[in-house]
Structure formats: C-alpha cells, structure tokens
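Raw contents of start-v1.csv, CSV, C-alpha atoms:
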```
chain,number,residue,atom,x,y,z
A,1,MET,CA,10.5,51.1,4.8
A,2,GLN,CA,11.1,54.8,5.0
A,3,GLN,CA,14.8,54.3,5.8
A,4,THR,CA,16.6,53.6,2.7
A,5,THR,CA,20.1,53.8,4.2
A,6,GLY,CA,21.7,51.5,6.7
A,7,THR,CA,20.7,48.1,7.8
A,8,THR,CA,17.8,47.4,10.1
A,9,GLU,CA,17.9,44.6,12.6
A,10,ASP,CA,16.6,41.2,11.9
A,11,THR,CA,13.8,41.2,14.4
A,12,PHE,CA,10.2,40.0,14.2
A,13,ILE,CA,8.9,43.4,15.4
A,14,GLN,CA,10.8,45.2,12.6
A,15,GLY,CA,9.0,42.8,10.1
A,16,VAL,CA,5.7,43.7,11.7
A,17,ARG,CA,6.5,47.4,11.3
A,18,ASP,CA,7.5,47.1,7.7
A,19,CYS,CA,4.2,45.3,7.0
A,20,ILE,CA,2.1,48.2,8.2
A,21,PRO,CA,2.2,50.3,5.0
A,22,THR,CA,0.7,47.3,3.1
A,23,LEU,CA,-2.2,46.7,5.5
A,24,LEU,CA,-4.6,49.1,4.0
A,25,GLY,CA,-4.3,47.0,0.8
A,26,TYR,CA,-4.9,43.7,2.7
A,27,ILE,CA,-7.8,45.1,4.7
A,28,SER,CA,-9.7,46.7,1.7
A,29,ILE,CA,-9.2,43.7,-0.6
A,30,GLY,CA,-9.9,41.2,2.2
A,31,VAL,CA,-13.1,42.8,3.3
A,32,ALA,CA,-14.1,43.1,-0.4
A,33,PHE,CA,-13.4,39.4,-0.8
A,34,GLY,CA,-15.6,38.5,2.2
A,35,VAL,CA,-18.5,40.6,0.7
A,36,VAL,CA,-18.0,39.0,-2.8
A,37,GLY,CA,-17.8,35.6,-1.1
A,38,VAL,CA,-21.2,36.0,0.5
A,39,ALA,CA,-22.6,37.3,-2.7
A,40,SER,CA,-21.3,34.2,-4.4
A,41,ASN,CA,-23.2,32.0,-2.0
A,42,LEU,CA,-20.2,31.0,0.1
A,43,HIS,CA,-20.7,30.2,3.7
A,44,ILE,CA,-18.8,32.4,6.2
A,45,PHE,CA,-16.8,29.3,7.3
A,46,GLU,CA,-15.8,28.7,3.6
A,47,ILE,CA,-14.7,32.3,3.3
A,48,PHE,CA,-12.6,31.8,6.4
A,49,LEU,CA,-11.2,28.5,5.1
A,50,LEU,CA,-10.2,30.0,1.8
A,51,SER,CA,-8.4,32.8,3.4
A,52,VAL,CA,-6.5,30.5,5.8
A,53,LEU,CA,-5.7,27.7,3.2
A,54,VAL,CA,-5.5,29.4,-0.2
A,55,TYR,CA,-4.3,32.9,1.1
A,56,ALA,CA,-4.2,34.6,-2.3
A,57,GLY,CA,-6.4,37.5,-3.2
A,58,SER,CA,-6.7,37.2,-6.9
A,59,ALA,CA,-7.1,33.4,-6.7
A,60,GLN,CA,-9.8,33.7,-4.1
A,61,PHE,CA,-11.8,36.1,-6.2
A,62,ILE,CA,-11.5,33.9,-9.2
A,63,PHE,CA,-12.6,30.9,-7.1
A,64,CYS,CA,-15.8,32.8,-6.3
A,65,GLY,CA,-16.4,33.8,-9.9
A,66,LEU,CA,-16.0,30.3,-11.2
A,67,TYR,CA,-17.9,28.7,-8.3
A,68,VAL,CA,-20.9,30.9,-8.8
A,69,ALA,CA,-20.8,30.3,-12.5
A,70,GLY,CA,-21.0,26.6,-11.8
A,71,ALA,CA,-17.6,25.6,-13.2
A,72,PRO,CA,-16.4,22.1,-12.6
A,73,MET,CA,-13.9,21.4,-9.8
A,74,SER,CA,-11.0,20.6,-12.1
A,75,ALA,CA,-11.5,24.0,-14.0
A,76,ILE,CA,-11.5,25.9,-10.7
A,77,ILE,CA,-8.3,24.2,-9.5
A,78,VAL,CA,-6.4,24.6,-12.8
A,79,THR,CA,-7.4,28.3,-13.0
A,80,VAL,CA,-6.4,29.0,-9.4
A,81,PHE,CA,-3.0,27.3,-10.2
A,82,ILE,CA,-2.4,29.5,-13.2
A,83,VAL,CA,-3.5,32.7,-11.5
A,84,ASN,CA,-1.0,32.0,-8.6
A,85,LEU,CA,1.9,30.7,-10.7
A,86,ARG,CA,3.7,34.0,-10.5
A,87,HIS,CA,4.4,33.1,-6.8
A,88,PHE,CA,6.8,30.5,-8.1
A,89,LEU,CA,8.9,33.2,-9.7
A,90,MET,CA,8.6,35.3,-6.5
A,91,SER,CA,9.7,32.4,-4.3
A,92,LEU,CA,12.6,31.6,-6.7
A,93,THR,CA,13.7,35.2,-6.5
A,94,ILE,CA,14.0,35.5,-2.7
A,95,ALA,CA,14.7,31.9,-1.7
A,96,PRO,CA,18.5,32.0,-2.4
A,97,HIS,CA,18.7,34.6,0.4
A,98,PHE,CA,17.4,32.2,3.0
A,99,VAL,CA,19.4,29.0,2.4
A,100,ARG,CA,21.2,29.5,5.7
A,101,TYR,CA,17.9,28.7,7.5
A,102,SER,CA,16.5,25.2,8.1
A,103,ALA,CA,14.2,23.5,5.6
A,104,LEU,CA,11.3,23.8,7.9
A,105,ARG,CA,11.7,27.6,8.3
A,106,ASN,CA,12.1,27.9,4.5
A,107,ILE,CA,8.7,26.1,4.1
A,108,GLY,CA,7.3,28.7,6.5
A,109,PHE,CA,8.8,31.6,4.4
A,110,GLY,CA,7.3,30.2,1.2
A,111,THR,CA,3.9,29.2,2.6
A,112,LEU,CA,3.1,32.8,3.6
A,113,LEU,CA,4.6,34.6,0.6
A,114,THR,CA,2.3,37.0,-1.2
A,115,ASP,CA,2.6,39.7,-3.8
A,116,GLU,CA,2.9,42.3,-1.1
A,117,THR,CA,5.3,40.6,1.2
A,118,PHE,CA,7.4,39.7,-1.8
A,119,GLY,CA,7.4,43.4,-2.9
A,120,VAL,CA,8.4,44.6,0.6
A,121,ALA,CA,11.1,41.9,0.8
A,122,VAL,CA,12.7,42.6,-2.6
A,123,THR,CA,12.7,46.3,-1.8
A,124,LYS,CA,14.5,45.7,1.4
A,125,LEU,CA,16.9,43.4,-0.5
A,126,ALA,CA,17.5,46.1,-3.1
A,127,THR,CA,18.4,48.6,-0.4
A,128,GLU,CA,20.1,46.5,2.3
A,129,LYS,CA,21.4,43.5,0.3
A,130,ARG,CA,20.2,40.9,2.8
A,131,LEU,CA,17.1,39.5,4.3
A,132,GLY,CA,16.6,38.1,7.8
A,133,GLY,CA,14.4,35.2,8.8
A,134,ASN,CA,12.9,36.8,11.9
A,135,TRP,CA,12.1,39.9,9.9
A,136,MET,CA,10.5,37.8,7.2
A,137,ASP,CA,8.4,35.9,9.7
A,138,GLY,CA,7.2,39.1,11.3
A,139,LEU,CA,6.2,40.6,7.9
A,140,ASN,CA,4.5,37.4,6.7
A,141,SER,CA,2.6,36.6,9.9
A,142,THR,CA,1.2,40.1,10.2
A,143,ALA,CA,0.0,40.1,6.6
A,144,TYR,CA,-1.5,36.6,7.1
A,145,ILE,CA,-3.4,37.4,10.3
A,146,VAL,CA,-4.7,40.7,8.9
A,147,TRP,CA,-5.8,39.0,5.7
A,148,ILE,CA,-7.8,36.2,7.5
A,149,VAL,CA,-9.5,38.7,9.9
A,150,SER,CA,-10.3,41.1,7.0
A,151,CYS,CA,-11.9,38.3,4.8
A,152,THR,CA,-13.9,37.0,7.7
A,153,VAL,CA,-15.1,40.4,8.8
A,154,GLY,CA,-16.0,41.1,5.1
A,155,GLY,CA,-18.0,37.9,5.1
A,156,MET,CA,-19.9,38.9,8.3
A,157,LEU,CA,-20.6,42.4,7.0
A,158,GLY,CA,-21.8,40.9,3.7
A,159,ALA,CA,-24.4,42.9,2.0
A,160,PHE,CA,-24.5,45.7,4.5
A,161,LEU,CA,-21.2,47.2,3.3
A,162,PRO,CA,-21.3,50.2,0.9
A,163,ASP,CA,-19.4,49.9,-2.3
A,164,ALA,CA,-15.7,50.1,-1.4
A,165,GLN,CA,-14.8,51.4,-4.9
A,166,GLN,CA,-16.4,54.8,-4.3
A,167,PHE,CA,-13.8,55.4,-1.5
A,168,GLY,CA,-10.9,54.6,-3.9
A,169,LEU,CA,-9.9,51.7,-1.6
A,170,ASP,CA,-9.5,49.3,-4.6
A,171,PHE,CA,-6.7,51.5,-5.7
A,172,ALA,CA,-4.7,50.8,-2.5
A,173,LEU,CA,-3.2,47.7,-4.0
A,174,ILE,CA,-2.2,49.3,-7.3
A,175,ALA,CA,-0.7,52.3,-5.5
A,176,MET,CA,1.3,49.9,-3.4
A,177,PHE,CA,2.6,48.0,-6.4
A,178,ALA,CA,3.5,51.4,-8.1
A,179,ALA,CA,5.3,52.5,-4.9
A,180,LEU,CA,7.3,49.3,-4.6
A,181,LEU,CA,8.2,49.6,-8.3
A,182,VAL,CA,9.5,53.1,-7.8
A,183,LEU,CA,11.4,52.1,-4.6
A,184,ASN,CA,13.1,49.2,-6.5
A,185,MET,CA,14.1,51.5,-9.4
A,186,GLN,CA,15.5,54.0,-7.0
A,187,ALA,CA,17.7,51.4,-5.4
A,188,LEU,CA,19.4,50.6,-8.7
A,189,GLN,CA,22.8,51.9,-9.6
A,190,LYS,CA,22.5,55.1,-11.7
A,191,THR,CA,24.1,53.4,-14.7
A,192,LYS,CA,21.4,50.7,-14.8
A,193,ILE,CA,18.3,52.9,-14.7
A,194,MET,CA,18.0,53.4,-18.4
A,195,HIS,CA,18.4,49.7,-19.1
A,196,TYR,CA,15.7,48.9,-16.5
A,197,LEU,CA,13.4,51.6,-17.9
A,198,GLN,CA,13.6,49.9,-21.3
A,199,VAL,CA,12.7,46.6,-19.6
A,200,VAL,CA,9.6,48.3,-18.0
A,201,GLY,CA,8.8,49.6,-21.5
A,202,ILE,CA,9.0,46.0,-22.9
A,203,VAL,CA,6.8,44.7,-20.1
A,204,CYS,CA,4.3,47.5,-21.0
A,205,ILE,CA,4.2,46.6,-24.7
A,206,CYS,CA,3.9,42.9,-23.8
A,207,MET,CA,1.0,43.5,-21.4
A,208,TYR,CA,-0.9,45.5,-24.0
A,209,GLY,CA,-0.4,43.0,-26.7
A,210,LEU,CA,-0.9,39.9,-24.6
A,211,MET,CA,-4.1,41.1,-23.1
A,212,TYR,CA,-5.7,40.8,-26.5
A,213,ILE,CA,-5.2,37.0,-26.4
A,214,VAL,CA,-4.9,35.9,-22.7
A,215,PRO,CA,-6.5,37.0,-19.4
A,216,GLY,CA,-4.6,39.6,-17.3
A,217,HIS,CA,-3.1,37.2,-14.8
A,218,VAL,CA,-1.6,35.1,-17.6
A,219,ALA,CA,-0.3,38.3,-19.3
A,220,VAL,CA,1.5,39.3,-16.0
A,221,LEU,CA,3.3,35.9,-16.0
A,222,LEU,CA,4.3,36.0,-19.6
A,223,SER,CA,5.3,39.7,-19.7
A,224,THR,CA,7.5,39.1,-16.6
A,225,PHE,CA,9.1,36.2,-18.3
A,226,ILE,CA,9.8,38.1,-21.6
A,227,GLY,CA,10.9,41.3,-19.8
A,228,ALA,CA,13.4,39.5,-17.6
A,229,THR,CA,14.8,37.5,-20.6
A,230,ILE,CA,15.2,40.5,-22.8
A,231,GLY,CA,16.8,42.3,-19.8
A,232,VAL,CA,19.5,39.7,-19.4
A,233,TRP,CA,20.0,39.4,-23.2
A,234,ARG,CA,20.5,43.2,-23.6
A,235,GLU,CA,22.8,43.6,-20.7
A,236,THR,CA,26.1,45.1,-21.5
B,1,MET,CA,-23.7,23.9,5.1
B,2,THR,CA,-20.2,23.1,4.1
B,3,THR,CA,-20.0,19.9,2.1
B,4,ALA,CA,-17.1,17.5,1.9
B,5,THR,CA,-16.9,18.4,-1.8
B,6,MET,CA,-16.4,22.0,-0.9
B,7,VAL,CA,-13.7,21.2,1.6
B,8,GLY,CA,-12.0,19.0,-1.0
B,9,LEU,CA,-12.1,21.8,-3.6
B,10,ILE,CA,-10.6,24.3,-1.2
B,11,ILE,CA,-7.8,21.8,-0.3
B,12,GLY,CA,-7.2,21.2,-4.0
B,13,CYS,CA,-6.8,25.0,-4.4
B,14,MET,CA,-4.6,25.1,-1.4
B,15,LEU,CA,-2.2,22.5,-2.8
B,16,VAL,CA,-1.8,24.3,-6.2
B,17,THR,CA,-1.1,27.6,-4.6
B,18,TRP,CA,1.1,26.2,-1.8
B,19,LEU,CA,3.4,24.0,-3.9
B,20,PRO,CA,4.6,26.8,-6.3
B,21,ARG,CA,5.3,29.0,-3.2
B,22,ILE,CA,7.4,26.5,-1.2
B,23,LEU,CA,9.2,24.4,-3.9
B,24,PRO,CA,11.7,27.1,-4.8
B,25,PHE,CA,12.7,27.4,-1.2
B,26,LEU,CA,13.4,23.7,-1.0
B,27,PHE,CA,15.2,23.2,-4.2
B,28,VAL,CA,17.6,26.2,-4.0
B,29,ARG,CA,19.0,24.4,-0.9
B,30,ALA,CA,19.8,21.3,-2.9
B,31,ILE,CA,21.1,22.8,-6.1
B,32,THR,CA,23.1,25.9,-6.8
B,33,LEU,CA,21.3,28.0,-9.4
B,34,PRO,CA,23.4,28.8,-12.5
B,35,PRO,CA,24.7,32.4,-12.7
B,36,ILE,CA,22.6,33.2,-15.8
B,37,LEU,CA,19.4,32.2,-13.9
B,38,LEU,CA,20.5,34.4,-10.9
B,39,ARG,CA,21.0,37.3,-13.3
B,40,TRP,CA,17.6,36.6,-14.8
B,41,LEU,CA,16.0,36.6,-11.4
B,42,GLN,CA,17.4,40.1,-10.6
B,43,TYR,CA,14.9,41.4,-13.2
B,44,ILE,CA,11.9,39.6,-11.7
B,45,PRO,CA,11.0,42.2,-9.0
B,46,VAL,CA,10.8,45.2,-11.5
B,47,CYS,CA,9.1,43.1,-14.2
B,48,ILE,CA,6.4,41.6,-12.0
B,49,LEU,CA,5.7,44.9,-10.2
B,50,SER,CA,5.4,46.8,-13.4
B,51,ALA,CA,3.3,44.0,-15.0
B,52,LEU,CA,0.9,44.2,-12.0
B,53,VAL,CA,0.7,48.0,-12.5
B,54,PHE,CA,0.1,47.7,-16.2
B,55,ASP,CA,-2.5,45.1,-15.5
B,56,SER,CA,-4.6,47.8,-13.9
B,57,VAL,CA,-3.8,50.4,-16.7
B,58,PHE,CA,-5.0,48.2,-19.6
B,59,GLU,CA,-8.5,46.8,-19.7
B,60,LYS,CA,-10.0,44.4,-22.3
B,61,ARG,CA,-13.3,45.9,-23.5
B,62,GLY,CA,-15.0,43.6,-26.0
B,63,ASN,CA,-12.4,42.8,-28.6
B,64,ILE,CA,-9.9,45.6,-27.9
B,65,VAL,CA,-7.6,46.5,-25.1
B,66,VAL,CA,-8.1,50.1,-23.9
B,67,ILE,CA,-6.3,52.3,-21.5
B,68,ASP,CA,-8.1,52.9,-18.2
B,69,TRP,CA,-7.4,56.7,-18.0
B,70,LEU,CA,-8.8,57.0,-14.5
B,71,HIS,CA,-6.0,54.7,-13.3
B,72,VAL,CA,-3.4,56.5,-15.4
B,73,ILE,CA,-4.3,59.9,-13.9
B,74,ALA,CA,-4.4,58.5,-10.4
B,75,LEU,CA,-1.0,56.9,-10.9
B,76,VAL,CA,0.7,60.3,-11.6
B,77,PRO,CA,0.4,61.8,-8.1
B,78,THR,CA,0.9,58.4,-6.6
B,79,MET,CA,4.2,57.8,-8.4
B,80,LEU,CA,5.4,61.4,-7.7
B,81,VAL,CA,4.8,60.9,-4.0
B,82,ALA,CA,6.6,57.6,-4.1
B,83,VAL,CA,9.6,59.2,-5.9
B,84,LYS,CA,9.7,62.2,-3.6
B,85,THR,CA,9.0,60.6,-0.2
B,86,ARG,CA,10.1,57.0,-0.6
B,87,SER,CA,7.3,56.2,1.8
B,88,LEU,CA,5.0,53.3,1.1
B,89,SER,CA,2.3,54.3,3.6
B,90,LEU,CA,2.1,57.9,2.3
B,91,THR,CA,2.0,56.7,-1.3
B,92,VAL,CA,-0.9,54.3,-0.7
B,93,ILE,CA,-2.8,57.0,1.2
B,94,VAL,CA,-2.3,59.6,-1.6
B,95,GLY,CA,-3.3,57.0,-4.2
B,96,VAL,CA,-6.5,56.1,-2.4
B,97,VAL,CA,-7.5,59.7,-1.7
B,98,THR,CA,-6.7,60.7,-5.4
B,99,MET,CA,-8.8,57.8,-6.7
B,100,ALA,CA,-11.7,58.7,-4.3
B,101,LEU,CA,-11.6,62.4,-5.5
B,102,LEU,CA,-11.4,61.4,-9.2
B,103,ARG,CA,-14.5,59.1,-8.8
B,104,LEU,CA,-16.3,61.9,-7.0
B,105,LEU,CA,-15.6,64.3,-9.9
B,106,ALA,CA,-16.1,61.8,-12.8
```
Any chance you could give the structure as structure tokens?
Amino acid sequence: MQQTTGTTEDTFIQGVRDCIPTLLGYISIGVAFGVVGVASNLHIFEIFLLSVLVYAGSAQFIFCGLYVAGAPMSAIIVTVFIVNLRHFLMSLTIAPHFVRYSALRNIGFGTLLTDETFGVAVTKLATEKRLGGNWMDGLNSTAYIVWIVSCTVGGMLGAFLPDAQQFGLDFALIAMFAALLVLNMQALQKTKIMHYLQVVGIVCICMYGLMYIVPGHVAVLLSTFIGATIGVWRET
Amino acid sequence: MTTATMVGLIIGCMLVTWLPRILPFLFVRAITLPPILLRWLQYIPVCILSALVFDSVFEKRGNIVVIDWLHVIALVPTMLVAVKTRSLSLTVIVGVVTMALLRLLA
C-alpha cells in the first residue's frame, strides 16, 4: 500500500501483504466481538459460526445486541440485512473490474468482501487502475482467516480480557477508514479534488441530519447514495 | 448447547449478508452497466469511506446529534499522517496511540 506509483504484480502473496495494515483493525474488533458474544450468552461455537458464515463486524455486533434483547428471529435477520446492505454498493463498485474471471471466482471475490478489503481494493484501483484476481484472493483470505481466529480467541478469553477501549484499539477501524479516504482523495486528478471535497461536505451534512431520524448504519447507506448522486449531478 | 433454531437464525443472517455481496459480481457479467451508473459508482468509495468516518464523529445522545470531540481530535494527527506518509499501517498505529493517550488524559 505504501507504493503509490507503478503497478504491483497480481499475486496471492502481494494480496496478503496489502492486507497486513488492516489486520490490527480485524484483530481488535474480532476479539471484542468474541468478548461481547460471550457476554450476550452465545456459545463459543456460535461465535465461531457467526464469524465463518456472517463475516461482518457490525452485523455480528447487532446480532448479539438483538439476541440478548430477545428480539424475534425475523427482526434480527431484517436488521442484519439492512446493516450490511452497503456491501451491495461496494460489490457493484468493484465487480466490473473482475468480469474477465469465471463466475465461480467472482462468487469467491464477493463472498469475502468486507469494508476493509473493499477500501484496500478501491485504493489500489485508484492508483493502479486495475485489480487482479490472485491479489484479491490473497487480500480476502487473509482478512477472513484472521477474523475467524480473532473472534474465536475473543470468545475463549471472554470475561478475562481488559477493556480494549482504554488502549484505543476501537479507533483502529476509524483510523483505517480515514486513511483509506485520504489515499483515495490523493489518487484523484488535481482538478477533481475540490469537487470531491464538496461531495464529502454533502456526505457530512447528510450524516448529521439523517442521524436524527435513522440509526447510523442506515445513515451511512443513505448519505452515500445522496453524496454520489449529487456528485454526478454537479459534474462539469 | 447450540439449538437448531440458533443454527437456522445464523444461516438466515448468512443469506442476507451473502446475497448482496455476490449478486453484483454475477449480474455485471450478464449486463453492461449504463455509463451514468458507472460514473455514479466512481463516487461510492469516497462517499462510503467518508460516511463511515462521520458515523464515528457524530453521536446521537437523547434527542440530539452531538459531535464526539475525542474522535475529532484523534482524527487530526491520524489524517495528517495519512496525507504525509500515505502509509496505512503507520496511520492506524498513530490513530490508536493518539486515542489511547487522549483517553489517558481525559
């Protein structure tokens, strides 16, 4: 990720390497999830199963919250769906760059897509203009394995773990999103930067306003939608 | 003890998170996206990433949305390091250390 010039090879190992900066985020959130899962009366096997099958941080946390609150199954499934709907937009954004691969491999790319791997992939796309399948698999598999291990270890440590917040680890994820945002902005043509800054401003206003009426995860989805639409509309 | 209901619930959640992730990969193969949609999609990375950052900056407290100043302050050195170094790892480390120090002082 440090190299912003030239094209890196489409190898699995390069994907693994490019995943490394995101791992602190996965580990801290994964372990925190395991701890929360145990506190929400989930069995260690259920924590493992959630991380393997659902594989989505925010959705898994909300699952715990609703489950412990005794919400009906339908409510849990609908909420998890809405919380993760942003992945639809993420997949739609990067999918056109993988059409040269088989349908099966494309299912693989989509299955393991997360906020973080999406962020790393679009940043690479912004600087190198293309994405390779082996690289994507390396990035995705590394994140997936580390996530499963972190969640499960968190579940085993359970109540013995000190509060991760006091070490600032919860901020790893936000710092990463901020860094990916900066890297994406830096990859833009100079003439487009002002236009994009205005779009970011619109997203900011939308988030503030929408959070009065909808939960944060819905606000993220709607603000993205509005921001991108106004961005296209105001293009010159 | 993991019940069948629990396994069913987790599988339900799996389906609703998996389908939105894979469907775009399948249908972009079958249809060509219109140019206007492709232009729209170019804005998605910056919009989603900034929305995720603002999600941590704003916080709903009771009936009003307030600014989480601790996050705003921690974001300043984090963003500066990102701009200067263009390194994801270094930015994450600086962010975490800054947040830890701020919590220590606060």
Counting all atoms listed in the file, which residues of chain B sit at most 7 Å from some atom of chain A, and what is each one's closest atom pair with its distance in Å to one decimal, listed by chain and rising residue number, as JSON lines?
```
{"residue": "B:Leu9", "atom": "CA", "partner": "A:Met73", "partner_atom": "CA", "distance": 6.5}
{"residue": "B:Ile10", "atom": "CA", "partner": "A:Leu50", "partner_atom": "CA", "distance": 6.5}
{"residue": "B:Gly12", "atom": "CA", "partner": "A:Ile77", "partner_atom": "CA", "distance": 6.4}
{"residue": "B:Cys13", "atom": "CA", "partner": "A:Ile77", "partner_atom": "CA", "distance": 5.4}
{"residue": "B:Met14", "atom": "CA", "partner": "A:Val54", "partner_atom": "CA", "distance": 4.6}
{"residue": "B:Val16", "atom": "CA", "partner": "A:Phe81", "partner_atom": "CA", "distance": 5.1}
{"residue": "B:Thr17", "atom": "CA", "partner": "A:Phe81", "partner_atom": "CA", "distance": 5.9}
{"residue": "B:Trp18", "atom": "CA", "partner": "A:Thr111", "partner_atom": "CA", "distance": 6.0}
{"residue": "B:Pro20", "atom": "CA", "partner": "A:Phe88", "partner_atom": "CA", "distance": 4.7}
{"residue": "B:Arg21", "atom": "CA", "partner": "A:Gly110", "partner_atom": "CA", "distance": 5.0}
{"residue": "B:Ile22", "atom": "CA", "partner": "A:Gly110", "partner_atom": "CA", "distance": 4.4}
{"residue": "B:Pro24", "atom": "CA", "partner": "A:Leu92", "partner_atom": "CA", "distance": 5.0}
{"residue": "B:Phe25", "atom": "CA", "partner": "A:Ala95", "partner_atom": "CA", "distance": 4.9}
{"residue": "B:Leu26", "atom": "CA", "partner": "A:Ala103", "partner_atom": "CA", "distance": 6.7}
{"residue": "B:Val28", "atom": "CA", "partner": "A:Pro96", "partner_atom": "CA", "distance": 6.1}
{"residue": "B:Arg29", "atom": "CA", "partner": "A:Val99", "partner_atom": "CA", "distance": 5.7}
{"residue": "B:Arg39", "atom": "CA", "partner": "A:Val232", "partner_atom": "CA", "distance": 6.7}
{"residue": "B:Trp40", "atom": "CA", "partner": "A:Ala228", "partner_atom": "CA", "distance": 5.8}
{"residue": "B:Leu41", "atom": "CA", "partner": "A:Thr93", "partner_atom": "CA", "distance": 5.6}
{"residue": "B:Tyr43", "atom": "CA", "partner": "A:Ala228", "partner_atom": "CA", "distance": 5.0}
{"residue": "B:Ile44", "atom": "CA", "partner": "A:Ala228", "partner_atom": "CA", "distance": 6.1}
{"residue": "B:Pro45", "atom": "CA", "partner": "A:Val122", "partner_atom": "CA", "distance": 6.6}
{"residue": "B:Val46", "atom": "CA", "partner": "A:Leu181", "partner_atom": "CA", "distance": 6.0}
{"residue": "B:Cys47", "atom": "CA", "partner": "A:Thr224", "partner_atom": "CA", "distance": 4.9}
{"residue": "B:Ile48", "atom": "CA", "partner": "A:Thr224", "partner_atom": "CA", "distance": 5.3}
{"residue": "B:Leu49", "atom": "CA", "partner": "A:Leu181", "partner_atom": "CA", "distance": 5.7}
{"residue": "B:Ser50", "atom": "CA", "partner": "A:Val200", "partner_atom": "CA", "distance": 6.4}
{"residue": "B:Ala51", "atom": "CA", "partner": "A:Val220", "partner_atom": "CA", "distance": 5.1}
{"residue": "B:Leu52", "atom": "CA", "partner": "A:Val220", "partner_atom": "CA", "distance": 6.4}
{"residue": "B:Val53", "atom": "CA", "partner": "A:Ile174", "partner_atom": "CA", "distance": 6.1}
{"residue": "B:Phe54", "atom": "CA", "partner": "A:Cys204", "partner_atom": "CA", "distance": 6.4}
{"residue": "B:Asp55", "atom": "CA", "partner": "A:Gly216", "partner_atom": "CA", "distance": 6.2}
{"residue": "B:Phe58", "atom": "CA", "partner": "A:Tyr208", "partner_atom": "CA", "distance": 6.6}
{"residue": "B:Lys60", "atom": "CA", "partner": "A:Met211", "partner_atom": "CA", "distance": 6.8}
{"residue": "B:Ile64", "atom": "CA", "partner": "A:Tyr212", "partner_atom": "CA", "distance": 6.5}
{"residue": "B:Val65", "atom": "CA", "partner": "A:Tyr212", "partner_atom": "CA", "distance": 6.2}
{"residue": "B:Thr78", "atom": "CA", "partner": "A:Ala175", "partner_atom": "CA", "distance": 6.4}
{"residue": "B:Met79", "atom": "CA", "partner": "A:Ala178", "partner_atom": "CA", "distance": 6.4}
{"residue": "B:Ala82", "atom": "CA", "partner": "A:Ala179", "partner_atom": "CA", "distance": 5.3}
{"residue": "B:Val83", "atom": "CA", "partner": "A:Val182", "partner_atom": "CA", "distance": 6.4}
{"residue": "B:Arg86", "atom": "CA", "partner": "A:Gln2", "partner_atom": "CA", "distance": 6.1}
{"residue": "B:Ser87", "atom": "CA", "partner": "A:Gln2", "partner_atom": "CA", "distance": 5.2}
{"residue": "B:Leu88", "atom": "CA", "partner": "A:Pro21", "partner_atom": "CA", "distance": 5.7}
{"residue": "B:Ser89", "atom": "CA", "partner": "A:Pro21", "partner_atom": "CA", "distance": 4.2}
{"residue": "B:Thr91", "atom": "CA", "partner": "A:Ala179", "partner_atom": "CA", "distance": 6.4}
{"residue": "B:Val92", "atom": "CA", "partner": "A:Ala175", "partner_atom": "CA", "distance": 5.2}
{"residue": "B:Gly95", "atom": "CA", "partner": "A:Ala175", "partner_atom": "CA", "distance": 5.5}
{"residue": "B:Val96", "atom": "CA", "partner": "A:Gly168", "partner_atom": "CA", "distance": 4.9}
{"residue": "B:Val97", "atom": "CA", "partner": "A:Gly168", "partner_atom": "CA", "distance": 6.5}
{"residue": "B:Met99", "atom": "CA", "partner": "A:Gly168", "partner_atom": "CA", "distance": 4.7}
{"residue": "B:Ala100", "atom": "CA", "partner": "A:Gly168", "partner_atom": "CA", "distance": 4.2}
{"residue": "B:Arg103", "atom": "CA", "partner": "A:Gln166", "partner_atom": "CA", "distance": 6.5}
```
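Reported to one decimal place, the separation of CA of Gly34 (chain A) from CA of Leu157 (chain A) is 8.0 Å.
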Residues within 6 Å of Gly30 (chain A), only C-alpha atoms, excluding chain neighbours under 3 positions, as a list in words: Tyr26, Ile27, Phe33, Trp147, Ser150 and Cys151 of chain A
Using all atoms listed in the file, which residue out of A:Val218, A:Ile62, A:Val146, A:Met136 lies closest to Gln14 (chain A)? A:Met136
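CA of Thr8 (chain A) is found 11.8 Å from CA of Asn134 (chain A).
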As an exercise, work out the distance from CA of Gly65 (chain A) to CA of Met6 (chain B) in Å and give it to one decimal place. 14.8 Å
